[in-house]
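Student: Supplied structure: query33.pdb, PDB, C-alpha atoms (C1' of nucleotides).
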```pdb
MODEL        1
ATOM      1  CA  MET A   1      20.591  -0.731 -36.807
ATOM      2  CA  VAL A   2      20.868   0.884 -40.181
ATOM      3  CA  LYS A   3      21.288   4.638 -40.169
ATOM      4  CA  ARG A   4      18.231   6.712 -40.855
ATOM      5  CA  SER A   5      18.519  10.194 -42.325
ATOM      6  CA  PRO A   6      17.250  12.961 -40.028
ATOM      7  CA  ASP A   7      14.630  14.030 -42.533
ATOM      8  CA  GLY A   8      13.204  10.574 -42.904
ATOM      9  CA  LEU A   9       9.923  11.782 -41.552
ATOM     10  CA  TYR A  10       9.465  14.203 -44.391
ATOM     11  CA  LEU A  11      10.336  11.511 -46.893
ATOM     12  CA  ASP A  12       7.717   9.189 -45.438
ATOM     13  CA  ALA A  13       5.080  11.883 -45.771
ATOM     14  CA  VAL A  14       6.138  13.131 -49.190
ATOM     15  CA  PHE A  15       6.561   9.750 -50.840
ATOM     16  CA  GLY A  16       3.390   8.599 -49.141
ATOM     17  CA  ALA A  17       1.491  11.589 -50.452
ATOM     18  CA  LEU A  18       2.733  10.985 -53.992
ATOM     19  CA  ALA A  19       1.811   7.317 -53.894
ATOM     20  CA  HIS A  20      -1.832   8.031 -54.707
ATOM     21  CA  PRO A  21      -2.888   8.989 -58.255
ATOM     22  CA  THR A  22      -5.534  11.404 -57.067
ATOM     23  CA  ARG A  23      -3.006  13.293 -55.004
ATOM     24  CA  ARG A  24      -0.494  13.411 -57.845
ATOM     25  CA  ALA A  25      -3.275  14.773 -60.033
ATOM     26  CA  LEU A  26      -4.021  17.423 -57.416
ATOM     27  CA  VAL A  27      -0.374  18.463 -57.420
ATOM     28  CA  GLU A  28      -0.495  18.671 -61.197
ATOM     29  CA  GLN A  29      -3.593  20.851 -61.034
ATOM     30  CA  LEU A  30      -1.995  23.115 -58.464
ATOM     31  CA  ALA A  31       1.111  23.445 -60.594
ATOM     32  CA  VAL A  32      -1.082  25.302 -63.089
ATOM     33  CA  GLU A  33      -2.473  27.783 -60.606
ATOM     34  CA  PRO A  34      -3.724  28.137 -57.050
ATOM     35  CA  THR A  35      -7.189  26.631 -56.920
ATOM     36  CA  SER A  36     -10.127  26.403 -54.539
ATOM     37  CA  VAL A  37     -11.034  23.078 -52.971
ATOM     38  CA  GLY A  38     -14.252  22.901 -54.965
ATOM     39  CA  ASP A  39     -12.546  23.514 -58.292
ATOM     40  CA  LEU A  40      -9.865  20.999 -57.416
ATOM     41  CA  ALA A  41     -12.517  18.412 -56.655
ATOM     42  CA  ASP A  42     -14.581  18.919 -59.817
ATOM     43  CA  PRO A  43     -12.596  16.712 -62.208
ATOM     44  CA  HIS A  44     -12.411  13.828 -59.756
ATOM     45  CA  ASP A  45     -14.972  11.113 -59.564
ATOM     46  CA  MET A  46     -15.398  11.167 -55.816
ATOM     47  CA  SER A  47     -17.045  13.214 -53.114
ATOM     48  CA  LEU A  48     -15.803  16.639 -52.139
ATOM     49  CA  ALA A  49     -15.091  15.292 -48.670
ATOM     50  CA  ALA A  50     -12.796  12.633 -50.104
ATOM     51  CA  VAL A  51     -10.821  15.229 -52.052
ATOM     52  CA  SER A  52     -10.699  17.361 -48.926
ATOM     53  CA  LYS A  53      -9.037  14.454 -47.137
ATOM     54  CA  HIS A  54      -6.487  14.015 -49.903
ATOM     55  CA  LEU A  55      -5.704  17.705 -49.632
ATOM     56  CA  ARG A  56      -5.152  17.246 -45.932
ATOM     57  CA  VAL A  57      -2.596  14.544 -46.669
ATOM     58  CA  LEU A  58      -0.799  16.875 -49.069
ATOM     59  CA  GLU A  59      -0.916  19.638 -46.496
ATOM     60  CA  ASP A  60       0.499  17.368 -43.798
ATOM     61  CA  ALA A  61       3.348  16.552 -46.162
ATOM     62  CA  GLY A  62       3.940  20.287 -46.542
ATOM     63  CA  LEU A  63       3.152  20.164 -50.233
ATOM     64  CA  ILE A  64       0.330  22.669 -50.197
ATOM     65  CA  GLU A  65      -0.610  25.736 -48.248
ATOM     66  CA  VAL A  66      -4.177  26.835 -47.818
ATOM     67  CA  GLU A  67      -5.109  30.484 -47.827
ATOM     68  CA  LYS A  68      -8.531  31.628 -46.728
ATOM     69  CA  ASP A  69     -10.098  33.947 -49.229
ATOM     70  CA  GLY A  70     -13.574  34.777 -48.019
ATOM     71  CA  ARG A  71     -15.453  31.531 -47.847
ATOM     72  CA  VAL A  72     -13.280  29.688 -50.301
ATOM     73  CA  ARG A  73     -10.057  27.966 -49.304
ATOM     74  CA  ARG A  74      -7.481  28.554 -51.994
ATOM     75  CA  CYS A  75      -4.708  25.944 -52.191
ATOM     76  CA  HIS A  76      -1.198  26.747 -53.369
ATOM     77  CA  LEU A  77       1.455  24.272 -54.374
ATOM     78  CA  ASN A  78       4.483  24.377 -52.113
ATOM     79  CA  ALA A  79       7.009  22.273 -53.973
ATOM     80  CA  GLY A  80       9.795  22.642 -51.430
ATOM     81  CA  PRO A  81       9.356  19.186 -49.898
ATOM     82  CA  LEU A  82       9.488  17.637 -53.356
ATOM     83  CA  SER A  83      13.151  18.628 -53.506
ATOM     84  CA  GLU A  84      13.672  16.391 -50.481
ATOM     85  CA  ALA A  85      12.345  13.402 -52.407
ATOM     86  CA  PHE A  86      14.237  14.495 -55.489
ATOM     87  CA  GLY A  87      17.421  14.667 -53.467
ATOM     88  CA  TRP A  88      16.922  11.161 -52.157
ATOM     89  CA  LEU A  89      16.356   9.772 -55.649
ATOM     90  CA  THR A  90      19.355  11.653 -56.982
ATOM     91  CA  ARG A  91      21.609   9.584 -54.764
ATOM     92  CA  TYR A  92      20.593   6.536 -56.804
ATOM     93  CA  ARG A  93      20.512   8.193 -60.170
ATOM     94  CA  VAL A  94      23.809   6.640 -61.125
ATOM     95  CA  PHE A  95      22.238   3.193 -60.815
ATOM     96  CA  TRP A  96      19.799   3.679 -63.621
ATOM     97  CA  GLU A  97      22.060   5.906 -65.677
ATOM     98  CA  ASP A  98      24.814   3.308 -65.538
ATOM     99  CA  ARG A  99      22.466   0.877 -67.118
ATOM    100  CA  PHE A 100      21.478   3.438 -69.724
ATOM    101  CA  ASP A 101      25.123   4.149 -70.507
ATOM    102  CA  ALA A 102      25.820   0.462 -70.803
ATOM    103  CA  LEU A 103      22.967   0.167 -73.272
ATOM    104  CA  GLU A 104      24.299   3.088 -75.280
ATOM    105  CA  ASP A 105      27.753   1.515 -75.396
ATOM    106  CA  HIS A 106      26.224  -1.736 -76.501
ATOM    107  CA  LEU A 107      24.311  -0.064 -79.332
ATOM    108  CA  GLU A 108      27.359   1.843 -80.472
ATOM    109  CA  ALA A 109      29.449  -1.327 -80.484
ATOM    110  CA  ASP A 110      26.787  -2.928 -82.680
ATOM    111  CA  GLN A 111      27.082  -0.364 -85.412
TER     112      GLN A 111
ATOM    113  CA  MET B   1     -11.831  13.702 -65.306
ATOM    114  CA  VAL B   2      -8.275  14.809 -64.993
ATOM    115  CA  LYS B   3      -5.779  13.108 -67.270
ATOM    116  CA  ARG B   4      -3.763  10.286 -65.805
ATOM    117  CA  SER B   5      -0.369   9.362 -67.173
ATOM    118  CA  PRO B   6      -0.175   5.851 -68.636
ATOM    119  CA  ASP B   7       2.539   4.835 -66.205
ATOM    120  CA  GLY B   8       0.571   5.889 -63.173
ATOM    121  CA  LEU B   9       0.554   2.328 -61.938
ATOM    122  CA  TYR B  10       4.301   2.232 -61.694
ATOM    123  CA  LEU B  11       4.337   5.538 -59.890
ATOM    124  CA  ASP B  12       1.830   4.282 -57.332
ATOM    125  CA  ALA B  13       4.006   1.268 -56.630
ATOM    126  CA  VAL B  14       7.340   3.086 -56.646
ATOM    127  CA  PHE B  15       6.293   6.036 -54.515
ATOM    128  CA  GLY B  16       4.404   3.661 -52.257
ATOM    129  CA  ALA B  17       7.470   1.481 -51.843
ATOM    130  CA  LEU B  18       9.645   4.474 -50.979
ATOM    131  CA  ALA B  19       7.168   5.785 -48.428
ATOM    132  CA  HIS B  20       8.438   3.406 -45.751
ATOM    133  CA  PRO B  21      11.746   4.034 -43.980
ATOM    134  CA  THR B  22      12.612   0.358 -43.763
ATOM    135  CA  ARG B  23      12.206  -0.045 -47.496
ATOM    136  CA  ARG B  24      14.291   3.036 -48.249
ATOM    137  CA  ALA B  25      16.948   1.603 -45.964
ATOM    138  CA  LEU B  26      16.814  -1.677 -47.868
ATOM    139  CA  VAL B  27      17.333   0.191 -51.125
ATOM    140  CA  GLU B  28      20.296   1.969 -49.566
ATOM    141  CA  GLN B  29      21.763  -1.337 -48.448
ATOM    142  CA  LEU B  30      21.297  -2.838 -51.894
ATOM    143  CA  ALA B  31      22.956   0.157 -53.492
ATOM    144  CA  VAL B  32      26.137  -0.980 -51.776
ATOM    145  CA  GLU B  33      26.022  -4.527 -53.062
ATOM    146  CA  PRO B  34      23.669  -7.409 -53.804
ATOM    147  CA  THR B  35      22.721  -8.976 -50.486
ATOM    148  CA  SER B  36      20.930 -12.024 -49.154
ATOM    149  CA  VAL B  37      17.589 -11.664 -47.399
ATOM    150  CA  GLY B  38      19.079 -12.647 -44.065
ATOM    151  CA  ASP B  39      21.909 -10.131 -44.278
ATOM    152  CA  LEU B  40      19.455  -7.453 -45.345
ATOM    153  CA  ALA B  41      17.289  -8.221 -42.352
ATOM    154  CA  ASP B  42      20.065  -8.210 -39.754
ATOM    155  CA  PRO B  43      20.301  -4.461 -39.092
ATOM    156  CA  HIS B  44      16.553  -4.058 -38.764
ATOM    157  CA  ASP B  45      14.724  -4.405 -35.510
ATOM    158  CA  MET B  46      11.976  -6.660 -36.780
ATOM    159  CA  SER B  47      11.397 -10.264 -37.730
ATOM    160  CA  LEU B  48      12.865 -11.794 -40.835
ATOM    161  CA  ALA B  49       9.346 -12.411 -42.086
ATOM    162  CA  ALA B  50       8.569  -8.704 -41.856
ATOM    163  CA  VAL B  51      11.649  -7.793 -43.876
ATOM    164  CA  SER B  52      10.733 -10.486 -46.368
ATOM    165  CA  LYS B  53       7.394  -8.749 -46.857
ATOM    166  CA  HIS B  54       9.051  -5.381 -47.382
ATOM    167  CA  LEU B  55      11.269  -6.985 -49.992
ATOM    168  CA  ARG B  56       8.183  -8.306 -51.721
ATOM    169  CA  VAL B  57       6.821  -4.774 -51.910
ATOM    170  CA  LEU B  58      10.082  -3.585 -53.458
ATOM    171  CA  GLU B  59      10.024  -6.493 -55.878
ATOM    172  CA  ASP B  60       6.443  -5.746 -56.902
ATOM    173  CA  ALA B  61       7.517  -2.180 -57.605
ATOM    174  CA  GLY B  62      10.244  -3.578 -59.831
ATOM    175  CA  LEU B  63      12.962  -2.122 -57.626
ATOM    176  CA  ILE B  64      14.738  -5.369 -56.839
ATOM    177  CA  GLU B  65      15.375  -8.643 -58.530
ATOM    178  CA  VAL B  66      15.962 -11.835 -56.647
ATOM    179  CA  GLU B  67      18.438 -14.395 -57.831
ATOM    180  CA  LYS B  68      18.522 -17.868 -56.344
ATOM    181  CA  ASP B  69      22.013 -18.847 -55.313
ATOM    182  CA  GLY B  70      21.865 -22.208 -53.667
ATOM    183  CA  ARG B  71      19.683 -21.839 -50.650
ATOM    184  CA  VAL B  72      20.127 -18.118 -50.284
ATOM    185  CA  ARG B  73      18.093 -15.582 -52.197
ATOM    186  CA  ARG B  74      20.361 -12.770 -53.318
ATOM    187  CA  CYS B  75      18.638  -9.420 -53.942
ATOM    188  CA  HIS B  76      19.890  -6.904 -56.491
ATOM    189  CA  LEU B  77      18.872  -3.301 -56.772
ATOM    190  CA  ASN B  78      17.103  -2.514 -60.025
ATOM    191  CA  ALA B  79      16.954   1.261 -60.048
ATOM    192  CA  GLY B  80      15.163   1.586 -63.374
ATOM    193  CA  PRO B  81      11.756   2.346 -61.900
ATOM    194  CA  LEU B  82      13.289   5.063 -59.760
ATOM    195  CA  SER B  83      13.854   7.041 -62.946
ATOM    196  CA  GLU B  84      10.108   7.000 -63.409
ATOM    197  CA  ALA B  85       9.621   8.736 -60.071
ATOM    198  CA  PHE B  86      12.549  11.001 -60.777
ATOM    199  CA  GLY B  87      10.977  11.982 -64.073
ATOM    200  CA  TRP B  88       7.703  12.841 -62.417
ATOM    201  CA  LEU B  89       9.419  15.023 -59.832
ATOM    202  CA  THR B  90      11.508  16.704 -62.501
ATOM    203  CA  ARG B  91       8.365  18.159 -64.010
ATOM    204  CA  TYR B  92       7.917  20.166 -60.817
ATOM    205  CA  ARG B  93      11.541  20.981 -60.230
ATOM    206  CA  VAL B  94      11.047  24.500 -61.479
ATOM    207  CA  PHE B  95       8.617  25.146 -58.643
ATOM    208  CA  TRP B  96      11.159  24.704 -55.918
ATOM    209  CA  GLU B  97      14.068  26.050 -57.919
ATOM    210  CA  ASP B  98      12.132  29.224 -58.628
ATOM    211  CA  ARG B  99      11.862  29.734 -54.944
ATOM    212  CA  PHE B 100      15.539  28.991 -54.500
ATOM    213  CA  ASP B 101      16.461  31.453 -57.249
ATOM    214  CA  ALA B 102      14.259  34.064 -55.654
ATOM    215  CA  LEU B 103      16.057  33.523 -52.369
ATOM    216  CA  GLU B 104      19.427  33.813 -54.064
ATOM    217  CA  ASP B 105      18.369  37.054 -55.700
ATOM    218  CA  HIS B 106      17.189  38.336 -52.379
ATOM    219  CA  LEU B 107      20.475  37.506 -50.675
ATOM    220  CA  GLU B 108      22.478  39.089 -53.467
ATOM    221  CA  ALA B 109      20.381  42.233 -53.292
ATOM    222  CA  ASP B 110      21.106  42.383 -49.564
ATOM    223  CA  GLN B 111      24.837  42.522 -50.027
TER     224      GLN B 111
ATOM    225  C1'  DA C   1     -32.268  37.576 -39.802
ATOM    226  C1'  DG C   2     -32.405  34.073 -43.169
ATOM    227  C1'  DT C   3     -30.423  31.638 -46.897
ATOM    228  C1'  DC C   4     -27.135  30.130 -50.138
ATOM    229  C1'  DT C   5     -22.437  28.220 -50.830
ATOM    230  C1'  DA C   6     -17.928  26.286 -49.629
ATOM    231  C1'  DT C   7     -15.744  23.375 -46.878
ATOM    232  C1'  DT C   8     -14.861  20.455 -42.989
ATOM    233  C1'  DC C   9     -16.140  17.167 -39.396
ATOM    234  C1'  DA C  10     -18.070  12.802 -37.553
ATOM    235  C1'  DA C  11     -19.334   8.303 -37.884
ATOM    236  C1'  DC C  12     -19.052   4.552 -40.321
ATOM    237  C1'  DC C  13     -17.198   0.667 -43.475
ATOM    238  C1'  DA C  14     -14.160  -2.227 -46.281
ATOM    239  C1'  DA C  15      -9.629  -3.003 -47.705
ATOM    240  C1'  DA C  16      -4.717  -2.588 -47.238
ATOM    241  C1'  DG C  17      -0.477  -2.187 -44.443
ATOM    242  C1'  DA C  18       2.816  -3.497 -40.967
ATOM    243  C1'  DG C  19       3.901  -6.351 -37.610
ATOM    244  C1'  DT C  20       3.827 -10.943 -34.917
ATOM    245  C1'  DT C  21       4.563 -16.225 -34.262
ATOM    246  C1'  DA C  22       4.487 -20.787 -35.941
ATOM    247  C1'  DA C  23       4.500 -24.032 -39.588
ATOM    248  C1'  DA C  24       6.084 -25.264 -44.325
ATOM    249  C1'  DT C  25       9.373 -25.394 -48.082
ATOM    250  C1'  DG C  26      13.727 -26.187 -50.338
ATOM    251  C1'  DA C  27      18.497 -26.810 -50.783
ATOM    252  C1'  DG C  28      23.166 -27.928 -48.799
ATOM    253  C1'  DA C  29      25.755 -30.684 -45.580
ATOM    254  C1'  DA C  30      26.559 -34.841 -42.680
TER     255       DA C  30
ATOM    256  C1'  DT D   1      18.203 -40.024 -45.489
ATOM    257  C1'  DT D   2      18.361 -36.910 -41.869
ATOM    258  C1'  DC D   3      19.663 -32.513 -40.057
ATOM    259  C1'  DT D   4      20.182 -27.808 -40.468
ATOM    260  C1'  DC D   5      19.871 -23.307 -42.491
ATOM    261  C1'  DA D   6      17.510 -19.646 -45.372
ATOM    262  C1'  DT D   7      13.445 -18.064 -46.616
ATOM    263  C1'  DT D   8       8.447 -17.909 -47.441
ATOM    264  C1'  DT D   9       3.672 -18.795 -46.218
ATOM    265  C1'  DA D  10      -0.252 -18.826 -43.151
ATOM    266  C1'  DA D  11      -2.988 -17.077 -39.780
ATOM    267  C1'  DC D  12      -3.813 -13.654 -36.807
ATOM    268  C1'  DT D  13      -3.971  -8.695 -34.744
ATOM    269  C1'  DC D  14      -3.981  -3.820 -34.852
ATOM    270  C1'  DT D  15      -3.772   0.487 -37.282
ATOM    271  C1'  DT D  16      -4.183   3.277 -41.285
ATOM    272  C1'  DT D  17      -6.231   4.527 -45.617
ATOM    273  C1'  DG D  18      -9.679   5.737 -48.854
ATOM    274  C1'  DG D  19     -14.086   6.105 -49.526
ATOM    275  C1'  DT D  20     -19.175   7.047 -48.226
ATOM    276  C1'  DT D  21     -23.175  10.028 -46.226
ATOM    277  C1'  DG D  22     -25.101  13.442 -43.349
ATOM    278  C1'  DA D  23     -24.596  17.122 -40.070
ATOM    279  C1'  DA D  24     -21.969  21.256 -38.701
ATOM    280  C1'  DT D  25     -19.541  25.578 -39.530
ATOM    281  C1'  DA D  26     -18.590  29.903 -41.564
ATOM    282  C1'  DG D  27     -18.694  33.592 -44.826
ATOM    283  C1'  DA D  28     -21.402  36.249 -48.456
ATOM    284  C1'  DC D  29     -25.761  37.905 -50.317
ATOM    285  C1'  DT D  30     -30.554  39.493 -49.878
TER     286       DT D  30
ENDMDL
END
```
Reformat the file's structure so that it appears as structure tokens.

Tutor:
Amino acid sequence: MVKRSPDGLYLDAVFGALAHPTRRALVEQLAVEPTSVGDLADPHDMSLAAVSKHLRVLEDAGLIEVEKDGRVRRCHLNAGPLSEAFGWLTRYRVFWEDRFDALEDHLEADQ
Amino acid sequence: MVKRSPDGLYLDAVFGALAHPTRRALVEQLAVEPTSVGDLADPHDMSLAAVSKHLRVLEDAGLIEVEKDGRVRRCHLNAGPLSEAFGWLTRYRVFWEDRFDALEDHLEADQ
DNA sequence: AGTCTATTCAACCAAAGAGTTAAATGAGAA
DNA sequence: TTCTCATTTAACTCTTTGGTTGAATAGACT
């Protein structure tokens, strides 16, 4: 069996959460400021319940925290788990930068 | 409606592909060297057909290219699309680094 | 107490995902 | 051409996902 990193579970959840455009949009909205569920849902062309479910997915991935403020639920971005995904991608960064460097070299040689 | 980046489709596919541990493992294997489907499948505790399907998902996300070499199909990592995901995450890097900086400050203040 | 308002829960549905086994393809070797 | 090996396709099952609507909860305002 191939080795699996101990934090694989987080990666599943985080990458999975980011795989849906609505959820990425929600993260983008929350990067601006903490926002209530209703306000988060407004711009999206789907029911409030559907957005609520997407928020649950983000919460399960640890990407948001929900604070009760009276009768509204205010969601905050918690970007910590994103660094996990970032870290994973970083390990492969050289593979696309190599190609970029090769292209640069090629262009320079052309001049 | 909330704005959606023009390359959202790629992000769906790339993040979706990375959301499964088997597929991340396949990427890790391919980062070592180009590998045939059979050799890729060996370490995994599932049928060859299942691995073949995972490879298709990676291919659809543009993350691998398959070269026919006689009767074996040799898969190469194509990390380009990873930079797409990396770029998206980078936009939110400040959100977890802020927290990290705050922690650093806190620790320094403690000393 | 009664009524808005915000949000979630429950039940449902269609489509996609992850796996299986068995048959089909395609190319090299005998 | 026949056999074998590498891989994909087909058909099927089971679970998860993404959405719906309608009822339930819970806090704030009269």

Student: At most 9 Å is the cut-off: for each residue in chain C with any atom that close to an atom of segment 38-61 of chain A, write down the nearest atom pair and the distance in Å rounded to one decimal, counting only C-alpha atoms (C1' of nucleotides), chain first then increasing number, as a tab-separated table.

Tutor:
```
residue	atom	partner	partner_atom	distance
C:DA6	C1'	A:Gly38	CA	7.3
C:DT7	C1'	A:Ser52	CA	8.1
C:DT8	C1'	A:Ala49	CA	7.7
```

Student: Would you export the selected residues with C-alpha atoms (C1' of nucleotides) as a tab-separated table (two decimals), keeping the file's coordinate frame, please?

Tutor:
```tsv
chain	number	residue	atom	x	y	z
C	6	DA	C1'	-17.93	26.29	-49.63
C	7	DT	C1'	-15.74	23.38	-46.88
C	8	DT	C1'	-14.86	20.45	-42.99
```

Student: Record the distance separating atom CA of Pro21 of chain B and atom C1' of DA24 of chain C, expressed in Å with one decimal.

Tutor: 29.8 Å

Student: Pick out the closest residue to DA10 of chain C from this set: D:DT21, D:DT1, D:DT16, D:DA11. Count all atoms listed in the file.

Tutor: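 Smallest distance to DA10 of chain C is found for D:DT21.
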
Student: Could you list, as a PyMOL selection string, every residue matched by the PyMOL selection byres ((chain C and resi 22) around 9) in this structure?

Tutor: (chain C and resi 21+23) or (chain D and resi 10)

Student: Return as a PyMOL selection string the residues belonging to chain D that are within 9 Å of chain B, counting all atoms listed in the file.

Tutor: chain D and resi 5-8

Student: Using all atoms listed in the file, find all polymer residues with an atom at most 10 Å away from the point (-4.2, 2.2, -37.4); report them as a list of chain:residue names.

Tutor: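 The requested residues, written out, are C:DG17, C:DA18, D:DC14, D:DT15, D:DT16, D:DT17.
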
Student: Skip Leu89 of chain B itself and residues of its chain fewer than 2 positions away, then list as a ChimeraX atom specification all residues within 10 Å of it, counting all atoms listed in the file.

Tutor: /A:18,79,82-83,85-86,89 /B:83-87,91-94

Student: Restricting the calculation to all atoms listed in the file, which member of B:Trp96, B:Thr22, B:Gly62, B:Cys75 is positioned closest to chain A?

Tutor: B:Trp96

Student: Which residues match the PyMOL selection byres ((chain C) within 10 of (chain B)) in the file above, as a list of chain:residue names?

Tutor: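 Output of the PyMOL selection byres ((chain C) within 10 of (chain B)): C:DA18, C:DG19, C:DT20, C:DT21, C:DG26, C:DA27, C:DG28.
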
Student: Would you export the selected residues with C-alpha atoms (C1' of nucleotides) as a compact mmCIF listing (two decimals), in the coordinates of the input, please?

Tutor:
```
# COMPACT_ATOMS: atom_id res chain seq x y z
C1' DA C 18 2.82 -3.50 -40.97
C1' DG C 19 3.90 -6.35 -37.61
C1' DT C 20 3.83 -10.94 -34.92
C1' DT C 21 4.56 -16.23 -34.26
C1' DG C 26 13.73 -26.19 -50.34
C1' DA C 27 18.50 -26.81 -50.78
C1' DG C 28 23.17 -27.93 -48.80
```

Student: Find the residue from A:Glu65, A:Gly16, A:Thr90, A:Tyr10 that sits nearest to chain B; use all atoms listed in the file when measuring.

Tutor: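 For chain B, the nearest of the given residues is A:Gly16.
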
Student: Find the residues with any atom within 12 Å of (-26.1, 13.9, -40.5); use only C-alpha atoms (C1' of nucleotides) and the coordinates as given in the file, and write the answer as a PDB file with C-alpha atoms (C1' of nucleotides), keeping the file's coordinate frame.

Tutor:
```pdb
ATOM      1  C1'  DC C   9     -16.140  17.167 -39.396  1.00  0.00           C
ATOM      2  C1'  DA C  10     -18.070  12.802 -37.553  1.00  0.00           C
ATOM      3  C1'  DA C  11     -19.334   8.303 -37.884  1.00  0.00           C
ATOM      4  C1'  DC C  12     -19.052   4.552 -40.321  1.00  0.00           C
TER       5       DC C  12
ATOM      6  C1'  DT D  21     -23.175  10.028 -46.226  1.00  0.00           C
ATOM      7  C1'  DG D  22     -25.101  13.442 -43.349  1.00  0.00           C
ATOM      8  C1'  DA D  23     -24.596  17.122 -40.070  1.00  0.00           C
ATOM      9  C1'  DA D  24     -21.969  21.256 -38.701  1.00  0.00           C
TER      10       DA D  24
END
```

Student: If you measure from atom CA of His20 of chain A to atom C1' of DG19 of chain D, what distance in Å do you get, rounded to one decimal?

Tutor: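 Atom CA of His20 of chain A sits 13.4 Å away from atom C1' of DG19 of chain D.
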
Student: Please report the interatomic distance between atom C1' of DG18 of chain D and atom CA of Ala19 of chain B in Å with one decimal.

Tutor: 16.9 Å

Student: Taking the file as shown, find all residues satisfying the PyMOL selection byres ((chain C and resi 1) around 12) and write them as a VMD selection string.

Tutor: (chain C and resid 2 to 3) or (chain D and resid 30)

Student: Nearest to chain A among B:Glu33, B:Glu97, B:Glu67, B:Asp12, with distances taken over only C-alpha atoms: which residue is it?

Tutor: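 Closest candidate: B:Asp12.
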